[in-house]
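Engineer: Have a peek at upload09.csv (CSV, C-alpha atoms and all ligand atoms).
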```csv
chain,number,residue,atom,x,y,z
A,211,MET,CA,83.0,113.9,88.5
A,212,ILE,CA,79.7,112.3,89.4
A,213,ASP,CA,79.4,112.0,93.1
A,214,VAL,CA,78.5,108.3,93.7
A,215,ALA,CA,77.5,108.8,97.3
A,216,ALA,CA,75.1,111.6,96.3
A,217,VAL,CA,73.5,109.3,93.7
A,218,GLN,CA,73.1,106.5,96.2
A,219,LYS,CA,71.8,108.7,99.0
A,220,GLY,CA,68.1,107.9,99.4
A,221,LEU,CA,68.2,105.7,96.3
A,222,LYS,CA,65.0,103.6,96.4
A,223,ALA,CA,66.1,101.0,93.8
A,224,LYS,CA,67.5,97.7,95.2
A,225,ILE,CA,69.3,96.3,92.1
A,226,PHE,CA,70.2,99.3,90.0
A,227,GLY,CA,72.8,101.6,91.4
A,228,LYS,CA,74.0,99.4,94.3
A,229,LYS,CA,77.3,99.3,92.5
A,230,ILE,CA,78.4,102.4,90.6
A,231,TYR,CA,81.8,103.0,88.9
A,232,ALA,CA,82.4,106.6,88.2
A,233,PHE,CA,85.1,107.8,85.8
A,234,GLU,CA,86.4,111.3,84.9
A,235,SER,CA,87.3,110.0,81.4
A,236,ILE,CA,86.9,106.7,79.7
A,237,ASP,CA,86.7,105.5,76.1
A,238,SER,CA,83.0,104.4,76.3
A,239,THR,CA,81.0,103.4,79.3
A,240,ASN,CA,79.5,100.6,77.2
A,241,ASN,CA,82.9,99.1,76.7
A,242,CYS,CA,83.7,99.2,80.4
A,243,ALA,CA,80.3,97.7,81.2
A,244,ARG,CA,80.9,94.9,78.8
A,245,THR,CA,84.2,94.1,80.4
A,246,LEU,CA,82.7,94.2,83.9
A,247,ALA,CA,79.7,92.1,82.9
A,248,GLY,CA,82.1,89.5,81.4
A,249,ASP,CA,83.8,89.5,84.8
A,250,MET,CA,80.4,88.7,86.5
A,251,THR,CA,79.6,92.1,87.9
A,252,PRO,CA,76.0,91.9,89.2
A,253,GLU,CA,73.0,93.0,87.3
A,254,GLY,CA,72.2,96.7,88.0
A,255,THR,CA,75.9,97.8,88.0
A,256,VAL,CA,76.2,101.4,86.7
A,257,ILE,CA,79.2,102.8,84.8
A,258,VAL,CA,79.1,106.6,84.5
A,259,ALA,CA,81.7,108.9,83.0
A,260,ASP,CA,82.1,112.6,82.9
A,261,TYR,CA,83.7,112.3,79.5
A,262,GLN,CA,83.9,109.6,76.8
A,263,THR,CA,86.8,109.7,74.3
A,264,ALA,CA,85.1,107.2,72.0
A,265,GLY,CA,81.4,107.4,72.9
A,266,ARG,CA,79.3,105.7,70.3
A,267,GLY,CA,75.7,106.0,69.1
A,268,ARG,CA,73.5,103.8,67.0
A,269,LEU,CA,74.6,102.8,63.5
A,270,GLY,CA,78.3,103.3,64.2
A,271,ARG,CA,77.9,107.1,64.8
A,272,PRO,CA,79.9,108.9,67.4
A,273,TRP,CA,78.3,110.2,70.6
A,274,THR,CA,79.9,113.4,71.8
A,275,ALA,CA,79.2,115.3,74.9
A,276,ASN,CA,81.1,118.1,76.7
A,277,PRO,CA,83.0,117.0,79.8
A,278,GLY,CA,81.2,117.3,83.1
A,279,GLU,CA,78.0,118.7,81.8
A,280,ASN,CA,75.9,115.7,80.8
A,281,LEU,CA,75.0,112.1,81.8
A,282,THR,CA,76.7,109.3,79.9
A,283,PHE,CA,76.3,106.0,81.5
A,284,SER,CA,75.6,102.3,81.0
A,285,LEU,CA,73.6,99.7,82.9
A,286,VAL,CA,74.5,96.0,83.1
A,287,LEU,CA,71.3,93.9,82.5
A,288,ARG,CA,71.0,90.1,82.7
A,289,PRO,CA,67.5,89.6,81.4
A,290,GLY,CA,67.7,85.8,81.1
A,291,ALA,CA,68.8,83.3,78.5
A,292,THR,CA,65.9,83.8,76.1
A,293,ALA,CA,65.2,87.5,76.5
A,294,GLU,CA,61.9,87.4,74.8
A,295,GLY,CA,61.5,91.1,74.9
A,296,LEU,CA,65.0,92.1,73.8
A,297,ASN,CA,63.7,94.5,71.2
A,298,LEU,CA,61.5,96.1,73.8
A,299,LEU,CA,64.4,96.9,76.1
A,300,PRO,CA,65.3,100.1,74.2
A,301,LEU,CA,61.6,101.2,74.5
A,302,LEU,CA,61.6,100.4,78.2
A,303,THR,CA,64.8,102.4,78.7
A,304,ALA,CA,63.4,105.4,76.8
A,305,VAL,CA,60.2,105.3,79.0
A,306,ALA,CA,62.3,105.1,82.2
A,307,VAL,CA,64.4,108.1,81.2
A,308,THR,CA,61.3,110.1,80.0
A,309,GLN,CA,59.4,109.4,83.3
A,310,ALA,CA,62.5,110.3,85.3
A,311,VAL,CA,63.2,113.6,83.4
A,312,THR,CA,59.6,114.6,83.9
A,313,GLN,CA,59.5,113.8,87.6
A,314,PHE,CA,62.9,115.5,88.2
A,315,SER,CA,62.7,118.6,86.0
A,316,LYS,CA,59.0,118.9,85.0
A,317,LEU,CA,60.1,118.8,81.3
A,318,LYS,CA,58.2,116.3,79.1
A,319,PRO,CA,60.5,114.7,76.5
A,320,GLU,CA,58.9,112.8,73.6
A,321,CYS,CA,60.0,109.3,72.6
A,322,LYS,CA,60.9,108.9,68.9
A,323,TRP,CA,61.3,105.4,67.6
A,324,PRO,CA,63.5,103.5,68.0
A,325,ASN,CA,65.4,105.1,70.9
A,326,ASP,CA,65.6,108.9,70.8
A,327,LEU,CA,64.4,111.4,73.3
A,328,LEU,CA,63.3,114.8,72.0
A,329,LEU,CA,62.5,118.1,73.5
A,330,ASP,CA,61.1,120.9,71.3
A,331,GLY,CA,61.7,118.6,68.3
A,332,LYS,CA,65.4,118.3,69.0
A,333,LYS,CA,67.4,115.4,70.3
A,334,VAL,CA,68.1,115.5,74.1
A,335,GLY,CA,69.0,111.9,74.6
A,336,GLY,CA,69.9,108.6,72.9
A,337,ILE,CA,70.0,105.0,73.9
A,338,LEU,CA,72.3,102.2,72.6
A,339,LEU,CA,71.6,98.6,73.7
A,340,GLU,CA,74.3,96.0,73.0
A,341,SER,CA,74.0,92.4,73.8
A,342,THR,CA,76.3,89.5,74.0
A,343,GLN,CA,75.2,86.1,72.9
A,344,GLN,CA,76.7,82.9,74.3
A,345,GLN,CA,76.3,79.4,72.8
A,346,ASN,CA,73.5,78.6,75.3
A,347,GLY,CA,71.7,81.9,74.9
A,348,LEU,CA,71.9,85.5,75.9
A,349,ASP,CA,74.6,86.4,78.4
A,350,PHE,CA,74.1,90.1,79.2
A,351,VAL,CA,72.8,93.3,77.8
A,352,ILE,CA,74.4,96.7,78.2
A,353,ALA,CA,72.0,99.7,78.1
A,354,GLY,CA,74.0,102.8,77.2
A,355,ILE,CA,72.3,106.1,77.8
A,356,GLY,CA,73.4,109.6,76.8
A,357,ILE,CA,71.5,112.6,78.0
A,358,ASN,CA,72.3,116.2,77.2
A,359,VAL,CA,71.8,117.7,80.7
A,360,ASN,CA,73.6,121.1,81.1
A,361,GLN,CA,75.4,121.6,77.8
A,362,LEU,CA,74.5,124.9,76.2
A,363,ASN,CA,76.5,124.8,72.9
A,364,PHE,CA,76.7,122.0,70.4
A,365,PRO,CA,79.1,121.3,67.6
A,366,GLN,CA,78.0,123.1,64.4
A,367,ASP,CA,77.0,119.9,62.5
A,368,ILE,CA,74.3,119.0,65.1
A,369,ALA,CA,73.6,122.5,66.6
A,370,ASP,CA,70.2,122.7,64.9
A,371,ARG,CA,69.1,119.2,65.9
A,372,ALA,CA,70.4,119.0,69.5
A,373,THR,CA,69.2,120.5,72.8
A,374,SER,CA,69.7,119.9,76.5
A,375,LEU,CA,67.5,119.8,79.6
A,376,ARG,CA,69.1,123.1,80.6
A,377,CYS,CA,68.4,124.7,77.3
A,378,ALA,CA,64.7,123.7,77.7
A,379,ALA,CA,64.3,124.4,81.4
A,380,GLY,CA,66.4,127.6,81.6
A,381,ARG,CA,68.2,126.4,84.7
A,382,THR,CA,70.9,123.9,85.6
A,383,ILE,CA,69.8,120.3,86.4
A,384,GLU,CA,71.6,118.4,89.1
A,385,ARG,CA,73.0,115.3,87.4
A,386,GLU,CA,73.3,113.0,90.5
A,387,GLY,CA,69.6,113.5,91.4
A,388,LEU,CA,68.5,112.9,87.8
A,389,LEU,CA,70.6,109.7,87.6
A,390,ARG,CA,69.1,108.4,90.9
A,391,CYS,CA,65.6,109.1,89.5
A,392,ILE,CA,66.4,107.3,86.3
A,393,LEU,CA,67.7,104.2,88.2
A,394,GLU,CA,64.5,104.1,90.2
A,395,HIS,CA,62.2,104.4,87.2
A,396,PHE,CA,64.2,101.9,85.3
A,397,GLU,CA,64.1,99.3,88.1
A,398,GLN,CA,60.4,99.6,88.5
A,399,LEU,CA,59.7,99.1,84.8
A,400,TYR,CA,62.3,96.3,84.5
A,401,ILE,CA,60.9,94.3,87.4
A,402,ALA,CA,57.3,94.7,86.2
A,403,GLY,CA,58.5,93.7,82.7
A,404,ARG,CA,60.0,90.5,84.0
A,405,HIS,CA,56.6,89.4,85.1
A,406,ASP,CA,54.8,90.1,81.8
A,407,GLU,CA,57.7,89.7,79.4
A,408,LEU,CA,57.6,93.5,78.7
A,409,ARG,CA,54.1,93.1,77.1
A,410,SER,CA,52.9,96.4,78.5
A,411,ILE,CA,55.9,98.4,77.3
A,412,PRO,CA,54.7,99.3,73.8
A,413,GLN,CA,51.5,100.8,75.3
A,414,ILE,CA,53.4,102.9,77.8
A,415,TRP,CA,55.9,104.0,75.2
A,416,LEU,CA,53.1,105.1,72.9
A,417,SER,CA,51.7,107.4,75.5
A,418,HIS,CA,55.0,109.3,75.2
A,419,ALA,CA,55.3,109.2,71.4
A,420,PRO,CA,53.3,111.9,69.5
A,421,MET,CA,55.0,110.7,66.3
A,422,ILE,CA,52.3,108.0,66.1
A,423,GLY,CA,49.7,108.9,63.5
A,424,ARG,CA,52.2,111.1,61.6
A,425,LEU,CA,53.6,110.5,58.2
A,426,VAL,CA,57.2,109.4,58.5
A,427,ASP,CA,60.2,108.4,56.4
A,428,VAL,CA,62.3,105.5,57.7
A,429,THR,CA,65.7,105.4,56.2
A,430,SER,CA,67.6,102.1,56.5
A,431,ASN,CA,70.6,100.9,54.5
A,432,GLY,CA,70.1,103.7,52.0
A,433,SER,CA,66.5,103.0,51.2
A,434,VAL,CA,63.6,105.0,52.4
A,435,LEU,CA,60.2,103.7,53.3
A,436,THR,CA,57.4,106.2,53.7
A,437,GLY,CA,54.2,105.6,55.6
A,438,ARG,CA,52.0,106.6,58.5
A,439,ALA,CA,53.3,105.4,61.9
A,440,MET,CA,50.5,103.3,63.2
A,441,GLY,CA,51.9,101.8,66.4
A,442,ILE,CA,54.4,99.4,67.9
A,443,ALA,CA,54.3,95.6,67.2
A,444,PRO,CA,54.5,93.3,70.3
A,445,ASP,CA,58.2,92.7,69.4
A,446,GLY,CA,59.1,96.4,69.3
A,447,GLY,CA,59.0,97.0,65.6
A,448,LEU,CA,57.4,100.2,64.2
A,449,ILE,CA,54.2,99.5,62.2
A,450,LEU,CA,53.8,101.7,59.1
A,451,ALA,CA,50.8,102.0,56.9
A,452,THR,CA,52.2,102.3,53.4
A,453,PRO,CA,50.5,102.4,50.0
A,454,ALA,CA,51.5,98.7,49.6
A,455,GLY,CA,49.9,97.7,53.0
A,456,ASN,CA,51.2,97.5,56.5
A,457,ARG,CA,54.9,97.1,57.0
A,458,THR,CA,56.9,96.6,60.3
A,459,VAL,CA,60.4,98.0,60.4
A,460,TYR,CA,63.0,97.0,63.0
A,461,ALA,CA,65.9,99.4,62.3
A,462,GLY,CA,66.5,102.8,60.7
A,463,ASP,CA,66.3,106.5,61.1
A,464,VAL,CA,62.9,108.1,61.3
A,465,SER,CA,62.1,111.6,60.2
A,466,VAL,CA,58.6,112.9,60.9
A,467,ARG,CA,57.2,114.9,58.0
A,468,PHE,CA,56.4,118.4,58.8
A,469,ILE,CA,53.2,119.5,57.1
A,470,HIS,CA,53.0,123.2,56.7
A,471,PRO,CA,49.6,124.7,57.5
A,472,SER,CA,49.6,126.4,54.1
A,473,ASP,CA,49.8,122.9,52.4
A,474,PRO,CA,46.7,122.6,50.2
A,475,ALA,CA,46.2,119.1,51.6
A,476,HIS,CA,45.4,120.8,54.9
A,477,ALA,CA,43.3,123.7,53.7
A,478,PRO,CA,39.9,123.7,55.3
A,479,ARG,CA,37.2,122.1,53.1
A,480,ASN,CA,33.8,123.6,52.7
A,501,LIG,C1,72.2,107.2,69.8
A,501,LIG,O1,71.3,108.1,69.9
A,501,LIG,O2,72.7,107.0,68.7
A,501,LIG,C2,72.6,106.4,71.0
A,501,LIG,C3,73.6,107.2,71.9
A,501,LIG,C4,74.0,106.4,73.1
A,501,LIG,C5,75.1,107.1,73.8
A,501,LIG,C6,75.5,106.5,75.1
A,501,LIG,S1,76.5,107.5,76.1
A,501,LIG,C7,76.8,106.2,77.3
A,501,LIG,C8,76.9,104.9,76.4
A,501,LIG,N1,78.3,104.8,76.0
A,501,LIG,C9,78.5,104.9,74.7
A,501,LIG,O3,79.5,104.8,74.1
A,501,LIG,N2,77.3,105.1,74.1
A,501,LIG,C10,76.2,105.2,75.1
```
Just dump the structure as structure tokens.

Structural biologist:
Amino acid sequence: MIDVAAVQKGLKAKIFGKKIYAFESIDSTNNCARTLAGDMTPEGTVIVADYQTAGRGRLGRPWTANPGENLTFSLVLRPGATAEGLNLLPLLTAVAVTQAVTQFSKLKPECKWPNDLLLDGKKVGGILLESTQQQNGLDFVIAGIGINVNQLNFPQDIADRATSLRCAAGRTIEREGLLRCILEHFEQLYIAGRHDELRSIPQIWLSHAPMIGRLVDVTSNGSVLTGRAMGIAPDGGLILATPAGNRTVYAGDVSVRFIHPSDPAHAPRN
């Protein structure tokens, strides 16, 4: 099980990680975080589990991870009643995890819109934000984060699309140290973001996102929109240049088109 004292030892964050609930097994850390947030647990509370029996990902998909090898955790956020930059919080979270992984392991994950982290083109982490609306505005937001840390083998259906930090680094990565590092990066970005309503987040995110400039297919509700990824709108949407003009999308799955060097479109022109 995650050693809470080891995470908190030397932790430089003041809000995130002051309170950590660690479980050997739980249905979903997002569920637990939601219950605790409803019971007024303070902002920055962390719920981490070695294993989730009903971990969930975006678009109702399951999130599976071997017991004791990975990081599956949730953060309780109270970003304020209006939460201007709510759509930017997933991007902030992705940047925090990316920066922390790079600092801690020297690996350099890429961000893929809306909230995937990739290494060598394969998924190494995912983020699921869930918010609760009250009549008078936003009550709390749960940021759920799953990172494949030390898992070496993946179920057959995702084996060609998933990887872990250990697969990429060729060594085991200490989970407690990585979690501490993520909490520190998250807090820094979150506090800075409070001052500028997360206005600087799209720019920072773009510096970790090589998909920008590439031709992509965005699948949403069964329909596919193809265009060149141009950037991130101030509200977190992905701007696509399509034959019909610029379009901004807010949800969906992105696949980046791989263009083979032998493609005639890429042959050198004399
Ligand atoms: C995705 O890529 O679809 C998002 C995956 C998010 C998974 C994390 S693991 C911790 C937290 N608890 C959950 O049930 N889901 C998130």

Engineer: Please tabulate, as a tab-separated table, the residues of chain A that come within 9 Å of ligand LIG 501 (chain A), each with its closest pair of atoms and the distance in Å to one decimal, counting only C-alpha atoms and all ligand atoms and ordering rows by chain, then residue number upward.

Structural biologist:
```
residue	atom	partner	partner_atom	distance
A:Asp237	CA	A:LIG501	O3	7.5
A:Ser238	CA	A:LIG501	O3	4.2
A:Thr239	CA	A:LIG501	N1	4.5
A:Asn240	CA	A:LIG501	N1	4.5
A:Asn241	CA	A:LIG501	O3	7.1
A:Cys242	CA	A:LIG501	N1	8.9
A:Ile257	CA	A:LIG501	C7	8.6
A:Val258	CA	A:LIG501	C7	7.6
A:Ala259	CA	A:LIG501	C7	8.0
A:Gln262	CA	A:LIG501	O3	7.0
A:Thr263	CA	A:LIG501	O3	8.8
A:Ala264	CA	A:LIG501	O3	6.4
A:Gly265	CA	A:LIG501	O3	3.4
A:Arg266	CA	A:LIG501	O3	3.9
A:Gly267	CA	A:LIG501	O2	3.2
A:Arg268	CA	A:LIG501	O2	3.7
A:Leu269	CA	A:LIG501	O2	6.9
A:Gly270	CA	A:LIG501	O2	8.1
A:Arg271	CA	A:LIG501	O2	6.5
A:Pro272	CA	A:LIG501	O2	7.6
A:Trp273	CA	A:LIG501	C5	5.5
A:Thr274	CA	A:LIG501	S1	8.1
A:Ala275	CA	A:LIG501	S1	8.3
A:Leu281	CA	A:LIG501	S1	7.5
A:Thr282	CA	A:LIG501	C7	4.0
A:Phe283	CA	A:LIG501	C7	4.2
A:Ser284	CA	A:LIG501	C8	5.4
A:Leu285	CA	A:LIG501	C8	9.0
A:Asn325	CA	A:LIG501	O1	6.7
A:Asp326	CA	A:LIG501	O1	5.8
A:Leu327	CA	A:LIG501	O1	8.4
A:Lys333	CA	A:LIG501	O1	8.3
A:Gly335	CA	A:LIG501	O1	6.5
A:Gly336	CA	A:LIG501	O1	3.3
A:Ile337	CA	A:LIG501	C2	4.1
A:Leu338	CA	A:LIG501	C2	4.5
A:Leu339	CA	A:LIG501	C10	8.2
A:Ile352	CA	A:LIG501	C8	8.8
A:Ala353	CA	A:LIG501	C8	7.3
A:Gly354	CA	A:LIG501	C8	3.7
A:Ile355	CA	A:LIG501	C6	4.2
A:Gly356	CA	A:LIG501	S1	3.8
A:Ile357	CA	A:LIG501	S1	7.4
```

Engineer: Using Å and a single decimal, report how far atom CA of A:Leu408 sits from atom CA of A:Ala461.

Structural biologist: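 These two atoms are separated by 19.3 Å.
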
Engineer: Pick from A:Trp323, A:Phe226, A:Tyr460, A:Phe350: nearest to A:Ala243, with only C-alpha atoms counted?

Structural biologist: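 Looking at the shortest contact to A:Ala243, the residue is A:Phe350.
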
Engineer: Nearest to A:Leu298: which of A:Ala439, A:Ala402, A:Pro324, A:Ser341 is it, counting all atoms listed in the file?

Structural biologist: A:Pro324

Engineer: So which residues touch stretch 328-330 of chain A within 12 Å, counting only C-alpha atoms, skipping near sequence neighbours fewer than 5 positions away, as a ChimeraX atom specification?

Structural biologist: /A:304,307-308,311-312,317-323,335-336,357-359,370-379,418-421

Engineer: Would you write out those residues with C-alpha atoms, as a PDB file, in the frame of the given file?

Structural biologist:
```pdb
ATOM      1  CA  ALA A 304      63.400 105.400  76.800  1.00  0.00           C
ATOM      2  CA  VAL A 307      64.400 108.100  81.200  1.00  0.00           C
ATOM      3  CA  THR A 308      61.300 110.100  80.000  1.00  0.00           C
ATOM      4  CA  VAL A 311      63.200 113.600  83.400  1.00  0.00           C
ATOM      5  CA  THR A 312      59.600 114.600  83.900  1.00  0.00           C
ATOM      6  CA  LEU A 317      60.100 118.800  81.300  1.00  0.00           C
ATOM      7  CA  LYS A 318      58.200 116.300  79.100  1.00  0.00           C
ATOM      8  CA  PRO A 319      60.500 114.700  76.500  1.00  0.00           C
ATOM      9  CA  GLU A 320      58.900 112.800  73.600  1.00  0.00           C
ATOM     10  CA  CYS A 321      60.000 109.300  72.600  1.00  0.00           C
ATOM     11  CA  LYS A 322      60.900 108.900  68.900  1.00  0.00           C
ATOM     12  CA  TRP A 323      61.300 105.400  67.600  1.00  0.00           C
ATOM     13  CA  GLY A 335      69.000 111.900  74.600  1.00  0.00           C
ATOM     14  CA  GLY A 336      69.900 108.600  72.900  1.00  0.00           C
ATOM     15  CA  ILE A 357      71.500 112.600  78.000  1.00  0.00           C
ATOM     16  CA  ASN A 358      72.300 116.200  77.200  1.00  0.00           C
ATOM     17  CA  VAL A 359      71.800 117.700  80.700  1.00  0.00           C
ATOM     18  CA  ASP A 370      70.200 122.700  64.900  1.00  0.00           C
ATOM     19  CA  ARG A 371      69.100 119.200  65.900  1.00  0.00           C
ATOM     20  CA  ALA A 372      70.400 119.000  69.500  1.00  0.00           C
ATOM     21  CA  THR A 373      69.200 120.500  72.800  1.00  0.00           C
ATOM     22  CA  SER A 374      69.700 119.900  76.500  1.00  0.00           C
ATOM     23  CA  LEU A 375      67.500 119.800  79.600  1.00  0.00           C
ATOM     24  CA  ARG A 376      69.100 123.100  80.600  1.00  0.00           C
ATOM     25  CA  CYS A 377      68.400 124.700  77.300  1.00  0.00           C
ATOM     26  CA  ALA A 378      64.700 123.700  77.700  1.00  0.00           C
ATOM     27  CA  ALA A 379      64.300 124.400  81.400  1.00  0.00           C
ATOM     28  CA  HIS A 418      55.000 109.300  75.200  1.00  0.00           C
ATOM     29  CA  ALA A 419      55.300 109.200  71.400  1.00  0.00           C
ATOM     30  CA  PRO A 420      53.300 111.900  69.500  1.00  0.00           C
ATOM     31  CA  MET A 421      55.000 110.700  66.300  1.00  0.00           C
TER      32      MET A 421
END
```

Engineer: Fewer than 2 positions away in the same chain doesn't count, so skip those; otherwise give me all residues within 8 Å of A:Val459, counting all atoms listed in the file, as a list of chain:residue names.

Structural biologist: A:Gly447, A:Leu448, A:Ile449, A:Leu450, A:Arg457, A:Ala461, A:Gly462

Engineer: So how far away is atom CA of A:Asp445 from atom CA of A:Asp463, in Å?

Structural biologist: 18.0 Å

Engineer: Can you tell me how far atom CA of A:Asp427 sits from atom CA of A:Ala369, in Å to one decimal?

Structural biologist: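 These two atoms are separated by 22.0 Å.
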
Engineer: Neighbours of stretch 227-232 of chain A within 9 Å (all atoms listed in the file; same-chain residues fewer than 3 positions away dropped), as a PyMOL selection string?

Structural biologist: chain A and resi 211-214+217-218+221+223-224+251-252+254-260+285+390+393-394

Engineer: My list of candidates is A:Asn456, A:His405, A:Ile236, A:Val305. Which is closest to A:Thr436 when distances are computed with all atoms listed in the file?

Structural biologist: A:Asn456

Engineer: Restricting the calculation to all atoms listed in the file: of A:Ile411, A:Gln361, A:Ile392, A:Tyr261, which residue gets closest to A:Pro277?

Structural biologist: A:Tyr261

Engineer: Between A:Asn297, A:Asn360, A:Asn276, A:Thr429, which is the closest to A:Leu388 once you count only C-alpha atoms?

Structural biologist: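 For A:Leu388, the nearest of the candidates is A:Asn360.
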
Engineer: Which residue gives the smallest distance to A:His395 among A:Ser235, A:Ala310, A:Glu253, A:Glu407, with all atoms listed in the file counted?

Structural biologist: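 Distance minimum relative to A:His395 lands on A:Ala310.
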